[in-house]
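Q: Sharing a structure with you now.
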Amino acid sequence: MVGDSGIISRRQFILTTATGVAIGLAGNPSFLHAAEEVDLAVISGEPAAATRKALEVVGGIARFMKKGQRVVIKPNMSFARTPDFAATTHPQVVVAVAQACIDAGAKEVLVLDHTLQRAELCLERAGIRDACRNMPGVHVLALQDRKFFREIRIPQGKVLERVEVLTDILDHAVLINVPVAKSHSTTGVSLGLKGLMGLIWDRESFHSQFSINQGIADLATVIKPQLTILDATRAMVSGGPGGPGDVKKPNLIIAGVDPVAVDSYGVGIVPWYGRNFKGRQVEHLLAAYQRGLGKIDVEKLKIYKGNV
Amino acid sequence: MRKTIQALSLILFTAFFALATYRLPDWLPADLYLRIDPLLGLNALLASREMIGRVLWSLILIGATITVGRFFCAYVCPLGASIDFLDFLLFRKSKRPGLKTDSRLRRWKYFLLIVIIAAAVTGVSLAYLLDPIALLTRFYTLVLYPLTVTVVNLLLDLLRPLSQGLGWVNLAHLHYPQPVYYMTALTLAIFGAVIALNRFAPRFWCRYLCPLGALLSLISPLGVFKRRVSGECNRCMVCRNGCPMGAIGEDPFIAGAADCIQCRECALICPQKAISFPASFPGVREVSGLDLSRRGFVYSVGGGLTLGFLSLRTPFTSLQGRRKLIRPPGALPETAFLRTCIRCGECMKSCVTNTLQPSLWESGFSGLWTPKLELRMAACEPNCNVCGKVCPTQAIRSLSMEEKTHAKIGTAVLRKEMCLVWAQNKMCLICDEICPYNAIVFRPVEGYRRPVVIASRCNGCGYCEQRCPVRGESAIVVAPDGEIRLAEGSYIREAKKLQLEFKPDPGDDKYLLEESGFKVEQGEKEEKSVPADKPIPGKPKGFL
């Protein structure tokens with residue numbers, strides 16, 4: 001994870017004292033110099049093929065990770081629903097990303113989510129664990145115990161001062177967010193940024209104690225995926241997040257480094273609850289944009305569109 | 001040899017117990033030990049006055065006991081094995097001079113059996129208290145299982161630094177959800193007492209108390225294998241002192257056929273090698289070995305009948321089905337349910353969400369340990385139907401997933417005075433969000449959007465009650481109102497007849513969500529007054 005420099009050093013300090021293992025964070029900035037990049041890759045096609053193409057367009061997974069690194073992939077597998085409900089990320093999208101990481105020399109790939117429903121049921125029904133079963137080095141885990149979380153501070157937090165996040169994303173340099181596109185009864189849509197709530201321990205307070213939209217923006221200041229790959233092969237346009245709801249099939253994979261840009265584009269691809277919206281109309285996206293976490297206006301983005 | 005078989009049987013019992021999870025395949029009878037128990041079967045048949053298919057499995061054990069003898073106690077019974085094993089651990093070295101009242105105590109198990117059967121005739125199920133298989137299964141579920149999970153998690157925690165260091169990713173993230181139950185302490189105390197009684201005599205429970213043992217010993221004298229003592233015997237009495245059942249009398253040539261469990265311990269320890277167990281055909285004399293005093297017989301019949309009638313003549317009976325007690329989906333109508341349930345706890349063990357809990361005093365003495373749903377703690381999982389699958393007496397009917405979905409267990413009731421939306425105008429949609437059946441919708445009421453339960457869509461799963469963020473008691477609770485309890489026939493048909501629809505339909509949600517969090521475009525502002533029957537136009541929640 002690469003945040004602003006203040007966060008890096010603090011986190012590194014925690015890491016060092018806690019585990020005695022220094023994890024090199026210095027090597028990463030290479031991708032910052034990568035030439036001629038697009039903001040977004042928008043690929044239409046079958047889940048696996050479109051995902052591979054999107055990865056290629058954003059510069060290949062190797063741009064975001066180094067050999068021997070551990071990678072955390074964060075799909076949405078929070079509900080015990082089969083993929084056709086579009087409440088969870090398509091297993092083939094996760095497989096394609098995980099395979100790319102393995103091929104690029106990842107030491108191991110952890111596919112993690114803090115599920116809302118019983119972990120075992122979610123793993124079983126979402127199909128992601130089964131799809132990854134024969135991939136050596138890939139571990140699909142649903143974590144539901146507090147001991148797997150560690151508290152960090154949110155220096156720029158407006159409503160949240162500290163939050164307990166999955167220890168694995170603190171101890172790993174690479175985080176790839178692979179959300180599914182779906183509606184959400186509280187936040188309008190649940191895409192990449194909302195999906196970050198699957199990496200923290202306490203979600204209840206987001207619903208009851210403060211503005212969930214500001215809370216998501218707070219989270220986005222400390223949890224920064226290197227890459228967001230939005231699975232919009234299907235989109236649950238109403239009835240989210242758990243479903244059942246109306247499922248549309250945009251057949252799109254949207255990938256980008258800028259989490260706000262990916263989400264903002266995702267808002268525009270289908271009508272939600274029967275109406276068209278723009279990224280700016282989604283409260284938590286606007287909040288994240290206003291914190292300077294990414295670009296929100298789709299018109300100003302450099303987008304590669306393609307078919308496979 | 002015997003100990004090996006005994007250990008294997010205990011392992012098998014434990015394995016079946018462990019396999020009783022929501023993933024149990026249909027063909028696997030995880031409740032096998034409970035099914036073959038003729039006491040539980042007889043009790044359920046008499047108490048419920050119904051034929052129960054699974055009870056026929058007990059003919060296996062009855063048949064085997066008639067042909068072979070009372071071998072079950074020594075070789076198969078998992079409680080017997082537990083008693084023997086713990087006896088070895090705890091009381092191996094203690095001196096047990098034997099009880100002077102032995103022969104009178106020995107009758108107790110028959111009296112208890114008579115009490116149980118007499119009570120069953122009145123319609124009260126008592127067997128669960130003392131049946132060894134039910135008792136042990138209950139102990140496994142309510143005590144051993146949660147304890148094992150705790151210990152395993154503790155070990156995993158201790159190992160975690162190592163497994164992390166070695167990069168064993170799966171092990172490093174392994175953690176089992178901790179099951180919790182009511183009645184754990186009481187269940188442990190009862191099991192502990194059964195074991196502690198060994199202090200007075202080996203297999204105290206089996207000798208004096210076990211009603212299943214009593215039932216089996218009534219038919220066992222017909223068995224072909226009989227203890228025979230040859231002329232080599234020099235009356236050293238080693239066998240008499242060594243018999244774990246105390247079945248050998250002052251004359252070592254005679255062993256009470258009813259009490260002999262064919263463990264062959266005597267043959268093993270006899271210094272003269274004078275004891276054998278050849279096959280022979282029973283004589284009438286041996287069969288009539290049981291001596292119950294007439295007075296004891298009359299007392300126990302009378303006691304059982306009185307106990308049965310008394311425990312039925314209470315307000316609990318009048319209030320059956322009129323309390324907030326949510327039973328598992330597929331549970332028989334309440335009266336039949338109470339009569340049929342043998343309180344083994346198998347359903348609670350297998351319940352995937354841990355919502356199934358033993359009842360305390362909610363429905364009185366006759367309802368102790370019966371399963372109920374604790375929905376504030378956990379919901380009933382829509383994709384699970386295991387509780388019926390593992391029920392040995394089918395007090396919870398084994399239903400297909402589709403049938404189970406229609407076996408409505410109650411209806412959610414919104415307590416408006418506590419609801420954050422109704423009472424405090426707060427934005428909260430958690431019940432609506434979590435409901436797997438879209439049974440909660442937001443309706444415009446006096447200009448506000450308010451959550452409302454559509455009773456015909458609610459099957460009582462309780463996700464709303466569990467997740468309601470109101471502190472303390474939930475603002476939405478599942479009441480038994482509208483539950484479907486069928487002794488036979490299809491729940492789907494019944495639900496259709498009642499015009500219930502549990503197929504989730506997102507249609508309603510479209511409008512209900514079409515307001516709250518999305519931001520309205522300029523010039524598209526919300527209208528102020530809205531007709532109550534029309535959706536409020538505007539933006540869905542989350543959008544600006």
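Starting from 1 in every chain, residues are counted up; chains themselves are A, B, ... following the order of the structure tokens, and ligands are numbered from 1 as listed.
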Write out as a PyMOL selection string each polymer residue whose atoms come within 10 Å of Ile296 of chain A, counting only C-alpha atoms; drop sequence neighbours fewer than 2 positions from it.
A: chain A and resi 258-265+278-280+285-286+288-290+292-294+298-301
Q: Please identify every residue of chain A that has at least one atom no more than 7 Å from any atom of chain B, counting only C-alpha atoms, and report them as a list of chain:residue names.
A: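 Output check: A:His139, A:Ser185, A:Thr186, A:Thr187, A:Gly188, A:Ser238, A:Gly239, A:Gly242, A:Pro244, A:Gly245, A:Asp246, A:Tyr273, A:Gln281, A:Val282, A:Glu283.
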Q: If you run DSSP on the backbone here, which positions in segment 208-396 of chain B get helix (DSSP H, G or I)? Please write them as a tab-separated table (two decimals) with C-alpha atoms, in the first residue's frame.
A:
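Written out: states.tsv:
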chain	number	residue	atom	x	y	z
B	208	TYR	CA	-28.80	-49.64	38.48
B	209	LEU	CA	-30.19	-46.78	36.45
B	211	PRO	CA	-33.56	-47.62	31.36
B	212	LEU	CA	-32.29	-48.71	27.97
B	213	GLY	CA	-30.20	-51.36	29.67
B	214	ALA	CA	-33.34	-52.44	31.51
B	215	LEU	CA	-35.30	-52.68	28.28
B	216	LEU	CA	-32.56	-54.68	26.60
B	217	SER	CA	-32.13	-57.00	29.58
B	218	LEU	CA	-35.83	-57.85	29.36
B	219	ILE	CA	-35.27	-59.42	25.96
B	220	SER	CA	-31.64	-60.47	26.27
B	221	PRO	CA	-32.16	-63.76	28.17
B	222	LEU	CA	-33.37	-65.21	24.90
B	238	VAL	CA	-12.21	-63.65	41.18
B	239	CYS	CA	-14.93	-63.48	38.53
B	240	ARG	CA	-17.50	-62.24	40.96
B	241	ASN	CA	-15.34	-59.35	42.10
B	242	GLY	CA	-14.23	-58.56	38.58
B	265	GLU	CA	-14.34	-60.08	31.49
B	266	CYS	CA	-14.91	-63.09	33.78
B	267	ALA	CA	-13.63	-65.52	31.19
B	268	LEU	CA	-10.55	-63.38	30.81
B	269	ILE	CA	-9.68	-63.09	34.49
B	284	VAL	CA	-37.66	-70.94	30.08
B	285	ARG	CA	-36.16	-70.91	33.54
B	286	GLU	CA	-33.55	-68.39	32.58
B	287	VAL	CA	-36.05	-66.03	31.05
B	294	ARG	CA	-45.28	-56.24	43.12
B	295	ARG	CA	-45.27	-53.12	45.23
B	296	GLY	CA	-42.40	-51.60	43.26
B	297	PHE	CA	-44.14	-52.38	40.01
B	298	VAL	CA	-47.38	-50.78	41.09
B	299	TYR	CA	-45.60	-47.77	42.53
B	300	SER	CA	-43.62	-47.11	39.39
B	301	VAL	CA	-46.61	-47.51	37.09
B	302	GLY	CA	-48.60	-45.22	39.35
B	303	GLY	CA	-45.70	-42.81	39.68
B	304	GLY	CA	-45.21	-42.61	35.93
B	305	LEU	CA	-48.89	-42.03	35.27
B	306	THR	CA	-49.12	-39.42	38.02
B	307	LEU	CA	-46.00	-37.65	36.83
B	308	GLY	CA	-47.32	-37.66	33.29
B	309	PHE	CA	-50.75	-36.35	34.20
B	310	LEU	CA	-49.39	-33.76	36.60
B	311	SER	CA	-46.92	-32.37	34.14
B	312	LEU	CA	-49.69	-32.02	31.60
B	315	PRO	CA	-50.87	-23.67	32.60
B	316	PHE	CA	-47.95	-24.58	30.36
B	317	THR	CA	-50.19	-27.03	28.56
B	318	SER	CA	-53.00	-24.52	28.20
B	334	GLU	CA	-46.60	-28.07	19.37
B	335	THR	CA	-48.29	-30.85	21.34
B	336	ALA	CA	-47.05	-33.55	19.03
B	337	PHE	CA	-43.66	-31.88	18.95
B	338	LEU	CA	-43.27	-31.97	22.72
B	339	ARG	CA	-44.32	-35.62	22.77
B	340	THR	CA	-42.00	-36.69	19.99
B	346	GLU	CA	-28.58	-33.17	17.41
B	347	CYS	CA	-30.49	-30.36	15.67
B	348	MET	CA	-28.72	-27.76	17.81
B	349	LYS	CA	-25.35	-29.28	17.00
B	350	SER	CA	-25.97	-29.28	13.28
B	365	PHE	CA	-41.17	-29.27	32.53
B	366	SER	CA	-42.41	-31.00	29.41
B	367	GLY	CA	-40.46	-28.59	27.23
B	386	VAL	CA	-30.24	-29.89	8.38
B	387	CYS	CA	-32.22	-29.83	11.63
B	388	GLY	CA	-34.95	-32.03	10.18
B	389	LYS	CA	-32.45	-34.30	8.49
Q: Tell me, in Å to one decimal, how far atom CA of Gln144 of chain A is from atom CA of Arg162 of chain A.
A: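 If I compute the distance from atom CA of Gln144 of chain A to atom CA of Arg162 of chain A, I get 19.3 Å.
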Q: List the neighbours of segment 56-70 of chain A out to 9 Å using only C-alpha atoms; skip same-chain residues closer than 6 positions along the sequence, and give me the result as a ChimeraX atom specification.
A: /A:27-28,30-31,34,37-41,97,100-101,104-110,171-174,226-227,255-257,304
